[in-house]
Amino acid sequence: MSNAQTIPRKVVTQERPAPDELVPSRYAVRVGDIDVLVISDGILTPPAESMATNVEPEVRDAWLDDRFLSKVAFDWALNAVVVRSGDQTILIDSGLGEEYPDFPRAGQFVHRMEAAGVDLAAVTDVVLTHMHFDHVGGLLVEGVKERMRPDLRVHVCAAETKFWQAPDFSLTAMPPALADLARKASLDFLKAYRSNLRTFDEEAQVAPGVVVTRTGGHTPGHSVVRISSGGERLMFGGDALFPVSFDHPEWHNGFEHDPEEATLVRLRLMRELAETGSWLVSTHMPFPSVGRVATAGDLYRWVPAWWDY
Ligand SMILES: [Zn+2]
C-alpha cells in the first residue's frame with residue numbers, strides 16, 4: 001500500500017492569459033515528482049439512452065431523473081491530460097477536435113492547453129487510451145500536426161491500430177453517423193501519424209513512473225495509464241469507467257465494442273482502485289474528474305477530490 005491518503009497538491013503552472021471564459025478548464029495535481037494537468041475539452045452530448053443499452057427505458061429514465069439529468073442528451077464530460085515526468089511532456093488523448101458540428105460544446109482541448117502554457121512543440125509523447133474520435137480528434141485539428149516535433153512518439157496498443165483497419169460495430173449501439181465518424185477519425189489519425197506510432201502489445205513504459213497497459217473491453221486495444229511516483233498513484237482510466245458505472249457497472253454503454261468484457265474490465269479496475277487508494281482521472285467523469293473509488297457494500301462509490309484553490 002502506498003501513502004494513498006495524501007491529498008493531491010495543487011501546483012502552479014506557467015501562466016499565460018487565459019481565454020475569455022467563465023468556466024475553469026484546467027486542474028493541476030502532483031503525483032510525487034510528476035505533474036498531471038487535467039484539461040477539459042468541453043462536454044459531449046450523446047443520446048442519453050447510450051448510457052445504458054441493456055435495461056428497460058423506465059429503469060434508465062429513473063436513474064437520470066434521480067440525478068436531475070436530461071433523458072434526451074447526456075452531458076458527458078470530456079477530459080484529456082498533460083503529464084510531465086522528467087524531461088518528457090506527455091499528452092494522454094486529445095479531445096474531440098473541430099470536425100463535429102453536432103457537438104459544439106466540445107473540441108476545446110488545443111486552445112485550452114495553450115492557455116495553460118503547454119506548447120505543442122514541447123510535447124514529446126502522446127498516449128492514446130483508444131482511437132475513438134473523441135480521443136484522437138484534437139490531434140487532427142488543422143495545423144496541430146505541423147506544430148508537433150517530427151520525432152513525436154505516439155504510443156498506442158497494437159490491437160487498437162489493427163482493429164481500426166476493419167472495425168466491428170456489431171455489439172455497439174452507436175448512432176450510425178457516429179460510427180461513421182469513428183471509422184473516419186481513426187483512419188485519418190493512422191494516416192497522419194503513421195511514422196510516429198510506437199505500438200505495444202500489452203504494456204509499455206512511456207516515461208519514468210508512467211506506464212500504459214492494455215485492458216480491452218471498450219475497444220480491443222483500450223488501455224489505461226498508471227502514474228506512480230514517491231508512493232503516490234494516479235490512474236487515467238480512459239473509457240473504462242463512466243458516471244453510471246458506480247451505481248450500475250453492469251449497464252452496457254452504447255460506445256463499447258465488447259460490452260460484456262467492458263463490464264469485467266471496470267469491475268476489475270474499481271476493485272484495484274479501492275484496494276490501492278489510487279487517484280482516478282477518467283475521460284468522461286465530470287471535470288476535474290479527480291477522485292477515488294471506495295467500496296460500498298457489493299458496489300463501489302466515486303469520491304471526488306475536494307478542489308484545492
Ligand atoms: Zn470516449
# chains A, B, ... in the order shown; residues from 1 in each chain; ligands from 1
$ closest_atom_pairs --of "chain A" --to "ligand 1" --cutoff "12 Å" --atoms "only C-alpha atoms and all ligand atoms" --output "CSV"
residue,atom,partner,partner_atom_place_in_ligand_line,distance
A:Asp41,CA,ligand 1,1 (Zn),11.4
A:Ile43,CA,ligand 1,1 (Zn),11.1
A:Leu44,CA,ligand 1,1 (Zn),9.3
A:Thr45,CA,ligand 1,1 (Zn),11.6
A:Pro46,CA,ligand 1,1 (Zn),10.7
A:Met51,CA,ligand 1,1 (Zn),11.9
A:Trp76,CA,ligand 1,1 (Zn),9.1
A:Ala77,CA,ligand 1,1 (Zn),9.3
A:Leu78,CA,ligand 1,1 (Zn),7.3
A:Asn79,CA,ligand 1,1 (Zn),9.1
A:Ala80,CA,ligand 1,1 (Zn),10.2
A:Asp93,CA,ligand 1,1 (Zn),9.6
A:Ser94,CA,ligand 1,1 (Zn),10.5
A:Gly95,CA,ligand 1,1 (Zn),8.5
A:Leu96,CA,ligand 1,1 (Zn),9.1
A:Ala106,CA,ligand 1,1 (Zn),11.9
A:Leu128,CA,ligand 1,1 (Zn),11.0
A:Thr129,CA,ligand 1,1 (Zn),9.1
A:His130,CA,ligand 1,1 (Zn),8.3
A:Met131,CA,ligand 1,1 (Zn),8.9
A:His132,CA,ligand 1,1 (Zn),6.4
A:Phe133,CA,ligand 1,1 (Zn),7.7
A:Asp134,CA,ligand 1,1 (Zn),5.5
A:His135,CA,ligand 1,1 (Zn),6.2
A:Val136,CA,ligand 1,1 (Zn),9.7
A:Gly137,CA,ligand 1,1 (Zn),10.9
A:Leu178,CA,ligand 1,1 (Zn),11.9
A:Ala182,CA,ligand 1,1 (Zn),10.7
A:His218,CA,ligand 1,1 (Zn),9.2
A:Thr219,CA,ligand 1,1 (Zn),10.4
A:His222,CA,ligand 1,1 (Zn),10.5
A:Gly237,CA,ligand 1,1 (Zn),10.5
A:Gly238,CA,ligand 1,1 (Zn),7.0
A:Asp239,CA,ligand 1,1 (Zn),5.4
A:Ala240,CA,ligand 1,1 (Zn),9.1
A:Leu241,CA,ligand 1,1 (Zn),10.0
A:Phe242,CA,ligand 1,1 (Zn),9.3
A:Asn253,CA,ligand 1,1 (Zn),10.6
A:Gly254,CA,ligand 1,1 (Zn),10.9
A:Phe255,CA,ligand 1,1 (Zn),7.9
A:Glu256,CA,ligand 1,1 (Zn),9.6
A:Ser282,CA,ligand 1,1 (Zn),9.4
A:Thr283,CA,ligand 1,1 (Zn),6.4
A:His284,CA,ligand 1,1 (Zn),6.7
A:Met285,CA,ligand 1,1 (Zn),10.4
$ write_last_selection --atoms "N, CA and C atoms" --output "tab-separated table (two decimals), in the first residue's frame"
chain	number	residue	atom	x	y	z
A	41	ASP	N	-11.97	19.26	-22.37
A	41	ASP	CA	-12.22	19.51	-23.80
A	41	ASP	C	-13.62	20.08	-24.01
A	43	ILE	N	-17.93	19.46	-23.31
A	43	ILE	CA	-18.99	18.50	-22.99
A	43	ILE	C	-19.53	17.90	-24.30
A	44	LEU	N	-19.58	16.58	-24.33
A	44	LEU	CA	-20.25	15.88	-25.43
A	44	LEU	C	-21.71	15.66	-25.04
A	45	THR	N	-22.58	15.56	-26.04
A	45	THR	CA	-24.00	15.34	-25.71
A	45	THR	C	-24.56	14.17	-26.51
A	46	PRO	N	-24.11	12.95	-26.21
A	46	PRO	CA	-24.67	11.79	-26.90
A	46	PRO	C	-26.10	11.51	-26.40
A	51	MET	N	-26.19	5.62	-22.51
A	51	MET	CA	-25.55	5.35	-21.21
A	51	MET	C	-25.96	4.00	-20.62
A	76	TRP	N	-21.96	14.68	-21.18
A	76	TRP	CA	-20.85	13.75	-20.94
A	76	TRP	C	-19.55	14.54	-20.97
A	77	ALA	N	-18.94	14.71	-19.82
A	77	ALA	CA	-17.69	15.47	-19.76
A	77	ALA	C	-16.65	14.82	-20.67
A	78	LEU	N	-15.72	15.62	-21.15
A	78	LEU	CA	-14.64	15.10	-22.00
A	78	LEU	C	-13.33	15.73	-21.52
A	79	ASN	N	-12.46	14.89	-20.95
A	79	ASN	CA	-11.21	15.39	-20.38
A	79	ASN	C	-10.02	14.71	-21.05
A	80	ALA	N	-8.93	15.46	-21.13
A	80	ALA	CA	-7.64	14.89	-21.54
A	80	ALA	C	-6.60	15.38	-20.54
A	93	ASP	N	-4.50	11.29	-24.70
A	93	ASP	CA	-5.68	11.62	-25.51
A	93	ASP	C	-5.69	13.11	-25.88
A	94	SER	N	-6.69	13.51	-26.66
A	94	SER	CA	-6.62	14.88	-27.19
A	94	SER	C	-7.99	15.51	-27.43
A	95	GLY	N	-9.04	14.90	-26.91
A	95	GLY	CA	-10.36	15.52	-27.09
A	95	GLY	C	-10.92	15.32	-28.50
A	96	LEU	N	-11.95	16.09	-28.79
A	96	LEU	CA	-12.80	15.85	-29.96
A	96	LEU	C	-12.30	16.47	-31.25
A	106	ALA	N	-17.82	20.77	-27.26
A	106	ALA	CA	-16.53	20.10	-27.04
A	106	ALA	C	-15.53	20.52	-28.11
A	128	LEU	N	-2.46	7.14	-26.39
A	128	LEU	CA	-3.89	7.04	-26.71
A	128	LEU	C	-4.51	5.90	-25.91
A	129	THR	N	-5.57	6.21	-25.17
A	129	THR	CA	-6.28	5.12	-24.48
A	129	THR	C	-7.00	4.25	-25.52
A	130	HIS	N	-7.47	4.88	-26.58
A	130	HIS	CA	-8.05	4.16	-27.71
A	130	HIS	C	-8.27	5.17	-28.83
A	131	MET	N	-8.81	4.73	-29.95
A	131	MET	CA	-8.83	5.60	-31.12
A	131	MET	C	-10.22	6.09	-31.53
A	132	HIS	N	-11.15	6.17	-30.58
A	132	HIS	CA	-12.42	6.83	-30.87
A	132	HIS	C	-12.18	8.32	-31.15
A	133	PHE	N	-13.11	8.91	-31.91
A	133	PHE	CA	-12.92	10.29	-32.38
A	133	PHE	C	-12.81	11.30	-31.26
A	134	ASP	N	-13.43	11.02	-30.10
A	134	ASP	CA	-13.36	12.00	-29.00
A	134	ASP	C	-12.05	11.88	-28.23
A	135	HIS	N	-11.15	11.03	-28.69
A	135	HIS	CA	-9.83	10.87	-28.05
A	135	HIS	C	-8.69	11.24	-28.99
A	136	VAL	N	-8.91	11.09	-30.29
A	136	VAL	CA	-7.85	11.43	-31.26
A	136	VAL	C	-8.12	12.75	-31.99
A	137	GLY	N	-9.34	13.28	-31.87
A	137	GLY	CA	-9.76	14.41	-32.71
A	137	GLY	C	-8.91	15.66	-32.55
A	178	LEU	N	-22.37	8.44	-35.94
A	178	LEU	CA	-21.20	8.45	-35.06
A	178	LEU	C	-20.25	7.30	-35.38
A	182	ALA	N	-16.39	7.63	-36.29
A	182	ALA	CA	-15.34	6.85	-35.62
A	182	ALA	C	-14.43	6.19	-36.64
A	218	HIS	N	-13.75	-1.83	-23.91
A	218	HIS	CA	-14.38	-0.71	-24.62
A	218	HIS	C	-14.04	-0.78	-26.12
A	219	THR	N	-12.76	-0.94	-26.40
A	219	THR	CA	-12.28	-1.33	-27.73
A	219	THR	C	-11.23	-2.42	-27.50
A	222	HIS	N	-8.16	-0.93	-25.97
A	222	HIS	CA	-8.33	0.12	-24.94
A	222	HIS	C	-7.30	-0.09	-23.83
A	237	GLY	N	-8.12	6.51	-16.57
A	237	GLY	CA	-8.91	5.32	-16.89
A	237	GLY	C	-9.55	5.32	-18.27
A	238	GLY	N	-9.34	6.39	-19.04
A	238	GLY	CA	-9.94	6.41	-20.38
A	238	GLY	C	-11.43	6.18	-20.32
A	239	ASP	N	-11.92	5.27	-21.13
A	239	ASP	CA	-13.36	4.99	-21.20
A	239	ASP	C	-13.73	3.68	-20.49
A	240	ALA	N	-12.91	3.29	-19.51
A	240	ALA	CA	-13.26	2.07	-18.75
A	240	ALA	C	-14.37	2.36	-17.74
A	241	LEU	N	-14.42	3.60	-17.24
A	241	LEU	CA	-15.38	3.95	-16.18
A	241	LEU	C	-16.15	5.20	-16.55
A	242	PHE	N	-17.47	5.12	-16.46
A	242	PHE	CA	-18.35	6.26	-16.76
A	242	PHE	C	-19.10	6.67	-15.50
A	253	ASN	N	-22.65	0.39	-22.22
A	253	ASN	CA	-22.61	1.70	-22.85
A	253	ASN	C	-22.63	1.50	-24.36
A	254	GLY	N	-23.36	2.34	-25.05
A	254	GLY	CA	-23.54	2.18	-26.50
A	254	GLY	C	-22.27	2.30	-27.31
A	255	PHE	N	-21.21	2.84	-26.70
A	255	PHE	CA	-19.95	3.04	-27.43
A	255	PHE	C	-18.97	1.88	-27.21
A	256	GLU	N	-19.40	0.87	-26.46
A	256	GLU	CA	-18.50	-0.25	-26.16
A	256	GLU	C	-18.56	-1.30	-27.25
A	282	SER	N	-10.77	10.16	-15.21
A	282	SER	CA	-11.36	9.44	-16.34
A	282	SER	C	-11.85	10.43	-17.38
A	283	THR	N	-11.83	9.99	-18.60
A	283	THR	CA	-12.22	10.86	-19.71
A	283	THR	C	-13.59	11.49	-19.49
A	284	HIS	N	-14.57	10.67	-19.10
A	284	HIS	CA	-15.95	11.14	-19.12
A	284	HIS	C	-16.55	11.36	-17.73
A	285	MET	N	-15.72	11.41	-16.68
A	285	MET	CA	-16.21	11.82	-15.36
A	285	MET	C	-16.23	13.34	-15.32
$ residues_around --residues "Leu267 in chain A" --least-positions-apart "4" --cutoff "12 Å" --atoms "only C-alpha atoms" --output "number ranges by chain"
A: 215, 217, 240-242, 245-251, 260-263, 271-274, 293, 295, 298-301
$ closest_atom_pairs --of "range 72-176 of chain A" --to "range 198-202 of chain A" --cutoff "6 Å" --atoms "only C-alpha atoms" --output "CSV"
residue,atom,partner,partner_atom,distance
A:Val154,CA,A:Arg198,CA,5.6
A:His155,CA,A:Arg198,CA,4.8
A:Val156,CA,A:Thr199,CA,5.1
A:Cys157,CA,A:Phe200,CA,5.0
A:Ala158,CA,A:Thr199,CA,5.0
$ closest_residue --among "A:Asp180, A:Asp61, A:Glu21, A:Asp125" --to "Pro167 in chain A" --atoms "only C-alpha atoms"
A:Asp180
$ select_by_dssp --residues "range 101-206 of chain A" --states "strand (DSSP E)" --output "MDAnalysis selection string"
chainID A and resid 125:127 153:157 197:200 203:206
$ closest_residue --among "A:Arg153, A:His111, A:Arg233, A:Arg105" --to "Ser195 in chain A" --atoms "only C-alpha atoms"
A:Arg153
$ select_by_dssp --residues "range 28-206 of chain A" --states "alpha helix (DSSP H)" --output "PyMOL selection string"
chain A and resi 57-66+109-115+133-136+144-147+158-163+176-193
$ write_last_selection --atoms "N, CA and C atoms" --output "compact mmCIF listing (two decimals), in the first residue's frame"
# COMPACT_ATOMS: atom_id res chain seq x y z
N PRO A 57 -36.12 1.18 -20.76
CA PRO A 57 -36.06 2.65 -20.73
C PRO A 57 -36.53 3.24 -19.40
N GLU A 58 -37.53 2.61 -18.76
CA GLU A 58 -38.04 3.17 -17.49
C GLU A 58 -36.96 3.15 -16.42
N VAL A 59 -36.17 2.08 -16.44
CA VAL A 59 -35.12 1.94 -15.42
C VAL A 59 -34.05 3.01 -15.62
N ARG A 60 -33.67 3.18 -16.89
CA ARG A 60 -32.66 4.20 -17.21
C ARG A 60 -33.19 5.60 -16.91
N ASP A 61 -34.44 5.85 -17.29
CA ASP A 61 -35.02 7.18 -17.05
C ASP A 61 -35.10 7.49 -15.56
N ALA A 62 -35.39 6.47 -14.76
CA ALA A 62 -35.48 6.70 -13.31
C ALA A 62 -34.12 7.10 -12.76
N TRP A 63 -33.08 6.45 -13.25
CA TRP A 63 -31.72 6.80 -12.78
C TRP A 63 -31.40 8.25 -13.15
N LEU A 64 -31.73 8.63 -14.39
CA LEU A 64 -31.47 10.00 -14.85
C LEU A 64 -32.31 11.00 -14.04
N ASP A 65 -33.60 10.67 -13.84
CA ASP A 65 -34.47 11.56 -13.07
C ASP A 65 -33.94 11.79 -11.66
N ASP A 66 -33.47 10.71 -11.06
CA ASP A 66 -32.96 10.81 -9.68
C ASP A 66 -31.79 11.78 -9.59
N PHE A 109 -9.75 21.31 -26.45
CA PHE A 109 -8.51 20.89 -25.80
C PHE A 109 -7.29 21.69 -26.24
N VAL A 110 -7.14 21.89 -27.54
CA VAL A 110 -5.90 22.51 -28.02
C VAL A 110 -5.76 23.95 -27.53
N HIS A 111 -6.83 24.74 -27.64
CA HIS A 111 -6.65 26.13 -27.18
C HIS A 111 -6.58 26.22 -25.66
N ARG A 112 -7.25 25.31 -24.97
CA ARG A 112 -7.17 25.34 -23.51
C ARG A 112 -5.79 24.87 -23.03
N MET A 113 -5.19 23.97 -23.78
CA MET A 113 -3.84 23.51 -23.44
C MET A 113 -2.85 24.67 -23.61
N GLU A 114 -3.00 25.38 -24.70
CA GLU A 114 -2.10 26.52 -24.93
C GLU A 114 -2.34 27.60 -23.89
N ALA A 115 -3.60 27.82 -23.51
CA ALA A 115 -3.89 28.80 -22.47
C ALA A 115 -3.26 28.40 -21.14
N PHE A 133 -13.11 8.91 -31.91
CA PHE A 133 -12.92 10.29 -32.38
C PHE A 133 -12.81 11.30 -31.26
N ASP A 134 -13.43 11.02 -30.10
CA ASP A 134 -13.36 12.00 -29.00
C ASP A 134 -12.05 11.88 -28.23
N HIS A 135 -11.15 11.03 -28.69
CA HIS A 135 -9.83 10.87 -28.05
C HIS A 135 -8.69 11.24 -28.99
N VAL A 136 -8.91 11.09 -30.29
CA VAL A 136 -7.85 11.43 -31.26
C VAL A 136 -8.12 12.75 -31.99
N VAL A 144 -2.23 21.33 -36.21
CA VAL A 144 -1.65 20.75 -34.99
C VAL A 144 -0.45 19.85 -35.31
N LYS A 145 -0.62 18.94 -36.26
CA LYS A 145 0.46 18.00 -36.58
C LYS A 145 1.73 18.78 -36.98
N GLU A 146 1.54 19.84 -37.74
CA GLU A 146 2.68 20.62 -38.23
C GLU A 146 3.45 21.28 -37.09
N ARG A 147 2.75 21.53 -35.99
CA ARG A 147 3.43 22.20 -34.86
C ARG A 147 4.06 21.21 -33.89
N ALA A 158 -1.15 -2.20 -30.09
CA ALA A 158 -1.14 -2.78 -31.44
C ALA A 158 -2.52 -3.33 -31.81
N ALA A 159 -3.24 -3.86 -30.81
CA ALA A 159 -4.58 -4.39 -31.10
C ALA A 159 -5.53 -3.27 -31.54
N GLU A 160 -5.25 -2.05 -31.11
CA GLU A 160 -6.12 -0.92 -31.46
C GLU A 160 -5.89 -0.49 -32.92
N THR A 161 -4.63 -0.37 -33.31
CA THR A 161 -4.37 0.03 -34.70
C THR A 161 -4.87 -1.06 -35.66
N LYS A 162 -4.74 -2.31 -35.24
CA LYS A 162 -5.22 -3.41 -36.08
C LYS A 162 -6.74 -3.38 -36.20
N PHE A 163 -7.42 -3.16 -35.06
CA PHE A 163 -8.88 -3.16 -35.03
C PHE A 163 -9.47 -2.16 -36.03
N PRO A 176 -25.62 5.55 -36.32
CA PRO A 176 -24.79 5.26 -37.50
C PRO A 176 -23.86 6.41 -37.89
N ALA A 177 -24.33 7.64 -37.72
CA ALA A 177 -23.48 8.78 -38.10
C ALA A 177 -22.22 8.82 -37.22
N LEU A 178 -22.37 8.44 -35.94
CA LEU A 178 -21.20 8.45 -35.06
C LEU A 178 -20.25 7.30 -35.38
N ALA A 179 -20.81 6.16 -35.76
CA ALA A 179 -19.95 5.04 -36.17
C ALA A 179 -19.14 5.45 -37.40
N ASP A 180 -19.77 6.17 -38.31
CA ASP A 180 -19.04 6.64 -39.50
C ASP A 180 -17.93 7.61 -39.11
N LEU A 181 -18.26 8.50 -38.16
CA LEU A 181 -17.23 9.43 -37.67
C LEU A 181 -16.06 8.68 -37.06
N ALA A 182 -16.39 7.63 -36.29
CA ALA A 182 -15.34 6.85 -35.62
C ALA A 182 -14.43 6.19 -36.64
N ARG A 183 -15.04 5.62 -37.68
CA ARG A 183 -14.23 4.98 -38.73
C ARG A 183 -13.30 6.00 -39.39
N LYS A 184 -13.86 7.14 -39.73
CA LYS A 184 -13.08 8.14 -40.47
C LYS A 184 -11.96 8.71 -39.59
N ALA A 185 -12.29 9.06 -38.35
CA ALA A 185 -11.27 9.69 -37.48
C ALA A 185 -10.10 8.75 -37.25
N SER A 186 -10.38 7.47 -37.01
CA SER A 186 -9.29 6.54 -36.71
C SER A 186 -8.39 6.37 -37.93
N LEU A 187 -8.99 6.27 -39.12
CA LEU A 187 -8.16 6.11 -40.32
C LEU A 187 -7.39 7.39 -40.64
N ASP A 188 -8.05 8.54 -40.44
CA ASP A 188 -7.34 9.81 -40.64
C ASP A 188 -6.14 9.90 -39.70
N PHE A 189 -6.37 9.45 -38.46
CA PHE A 189 -5.27 9.52 -37.48
C PHE A 189 -4.11 8.61 -37.88
N LEU A 190 -4.44 7.38 -38.26
CA LEU A 190 -3.38 6.43 -38.63
C LEU A 190 -2.58 6.96 -39.82
N LYS A 191 -3.28 7.61 -40.72
CA LYS A 191 -2.60 8.15 -41.90
C LYS A 191 -1.68 9.31 -41.51
N ALA A 192 -2.19 10.21 -40.70
CA ALA A 192 -1.43 11.42 -40.36
C ALA A 192 -0.22 11.11 -39.47
N TYR A 193 -0.36 10.13 -38.57
CA TYR A 193 0.69 9.90 -37.57
C TYR A 193 1.41 8.56 -37.74
$ atom_distance --atom1 "CA of Gly86 in chain A" --atom2 "CA of Val211 in chain A"
14.0 Å
$ atom_distance --atom1 "CA of Ser40 in chain A" --atom2 "CA of Arg26 in chain A"
6.3 Å
$ atom_distance --atom1 "CA of Pro243 in chain A" --atom2 "CA of Leu280 in chain A"
12.5 Å
$ closest_residue --among "A:Gly209, A:Asp258, A:Gln108, A:His252" --to "Ser170 in chain A" --atoms "only C-alpha atoms"
A:Asp258
$ closest_residue --among "A:Val224, A:Leu197, A:Val72, A:Ala305" --to "Val265 in chain A" --atoms "only C-alpha atoms"
A:Val224
$ residues_around --residues "Leu234 in chain A" --least-positions-apart "5" --cutoff "10 Å" --atoms "only C-alpha atoms" --output "VMD selection string"
chain A and resid 4 8 29 to 31 36 210 225 to 229 273 277 to 281 290 to 292
$ write_last_selection --atoms "N, CA and C atoms" --output "mmCIF file, in the first residue's frame"
data_model
loop_
_atom_site.group_PDB
_atom_site.id
_atom_site.type_symbol
_atom_site.label_atom_id
_atom_site.label_comp_id
_atom_site.auth_asym_id
_atom_site.auth_seq_id
_atom_site.Cartn_x
_atom_site.Cartn_y
_atom_site.Cartn_z
ATOM 1 N N ALA A 4 -1.650 6.311 0.392
ATOM 2 C CA ALA A 4 -2.736 6.685 -0.515
ATOM 3 C C ALA A 4 -3.623 7.781 0.055
ATOM 4 N N PRO A 8 -3.988 15.240 -3.301
ATOM 5 C CA PRO A 8 -3.192 15.726 -4.425
ATOM 6 C C PRO A 8 -2.943 17.218 -4.247
ATOM 7 N N VAL A 29 -2.584 18.651 -10.557
ATOM 8 C CA VAL A 29 -2.228 17.905 -9.345
ATOM 9 C C VAL A 29 -0.812 17.376 -9.519
ATOM 10 N N ARG A 30 -0.211 17.031 -8.391
ATOM 11 C CA ARG A 30 1.126 16.469 -8.452
ATOM 12 C C ARG A 30 1.086 15.067 -7.854
ATOM 13 N N VAL A 31 1.706 14.128 -8.553
ATOM 14 C CA VAL A 31 1.811 12.751 -8.091
ATOM 15 C C VAL A 31 3.294 12.497 -7.851
ATOM 16 N N VAL A 36 0.543 16.429 -13.223
ATOM 17 C CA VAL A 36 -0.597 15.974 -14.033
ATOM 18 C C VAL A 36 -1.565 17.139 -14.162
ATOM 19 N N VAL A 210 5.414 6.302 -15.599
ATOM 20 C CA VAL A 210 4.226 6.412 -16.473
ATOM 21 C C VAL A 210 4.149 5.157 -17.340
ATOM 22 N N VAL A 225 -3.619 4.319 -18.187
ATOM 23 C CA VAL A 225 -2.274 4.789 -17.862
ATOM 24 C C VAL A 225 -2.142 4.881 -16.349
ATOM 25 N N ARG A 226 -1.144 4.202 -15.810
ATOM 26 C CA ARG A 226 -0.887 4.275 -14.366
ATOM 27 C C ARG A 226 0.348 5.135 -14.137
ATOM 28 N N ILE A 227 0.166 6.129 -13.259
ATOM 29 C CA ILE A 227 1.245 7.070 -12.944
ATOM 30 C C ILE A 227 1.609 6.858 -11.482
ATOM 31 N N SER A 228 2.889 6.668 -11.199
ATOM 32 C CA SER A 228 3.275 6.489 -9.797
ATOM 33 C C SER A 228 4.628 7.129 -9.548
ATOM 34 N N SER A 229 4.705 7.797 -8.400
ATOM 35 C CA SER A 229 5.964 8.459 -8.014
ATOM 36 C C SER A 229 5.901 8.768 -6.526
ATOM 37 N N LEU A 273 -8.635 0.066 -7.699
ATOM 38 C CA LEU A 273 -8.580 1.454 -7.219
ATOM 39 C C LEU A 273 -9.003 1.535 -5.756
ATOM 40 N N GLY A 277 -6.221 2.748 -3.222
ATOM 41 C CA GLY A 277 -6.427 4.162 -2.894
ATOM 42 C C GLY A 277 -5.883 5.102 -3.951
ATOM 43 N N SER A 278 -5.528 4.571 -5.115
ATOM 44 C CA SER A 278 -5.007 5.402 -6.204
ATOM 45 C C SER A 278 -6.037 6.453 -6.616
ATOM 46 N N TRP A 279 -5.569 7.636 -7.004
ATOM 47 C CA TRP A 279 -6.453 8.608 -7.623
ATOM 48 C C TRP A 279 -6.865 8.096 -8.996
ATOM 49 N N LEU A 280 -8.067 8.492 -9.401
ATOM 50 C CA LEU A 280 -8.558 8.158 -10.733
ATOM 51 C C LEU A 280 -8.914 9.451 -11.459
ATOM 52 N N VAL A 281 -8.476 9.554 -12.698
ATOM 53 C CA VAL A 281 -8.987 10.582 -13.612
ATOM 54 C C VAL A 281 -9.552 9.823 -14.796
ATOM 55 N N VAL A 290 -11.111 14.247 -10.846
ATOM 56 C CA VAL A 290 -10.092 13.700 -9.948
ATOM 57 C C VAL A 290 -10.818 13.158 -8.727
ATOM 58 N N GLY A 291 -10.641 11.881 -8.444
ATOM 59 C CA GLY A 291 -11.325 11.311 -7.292
ATOM 60 C C GLY A 291 -10.767 9.956 -6.958
ATOM 61 N N ARG A 292 -11.407 9.335 -5.995
ATOM 62 C CA ARG A 292 -11.002 7.975 -5.658
ATOM 63 C C ARG A 292 -12.223 7.070 -5.604
#
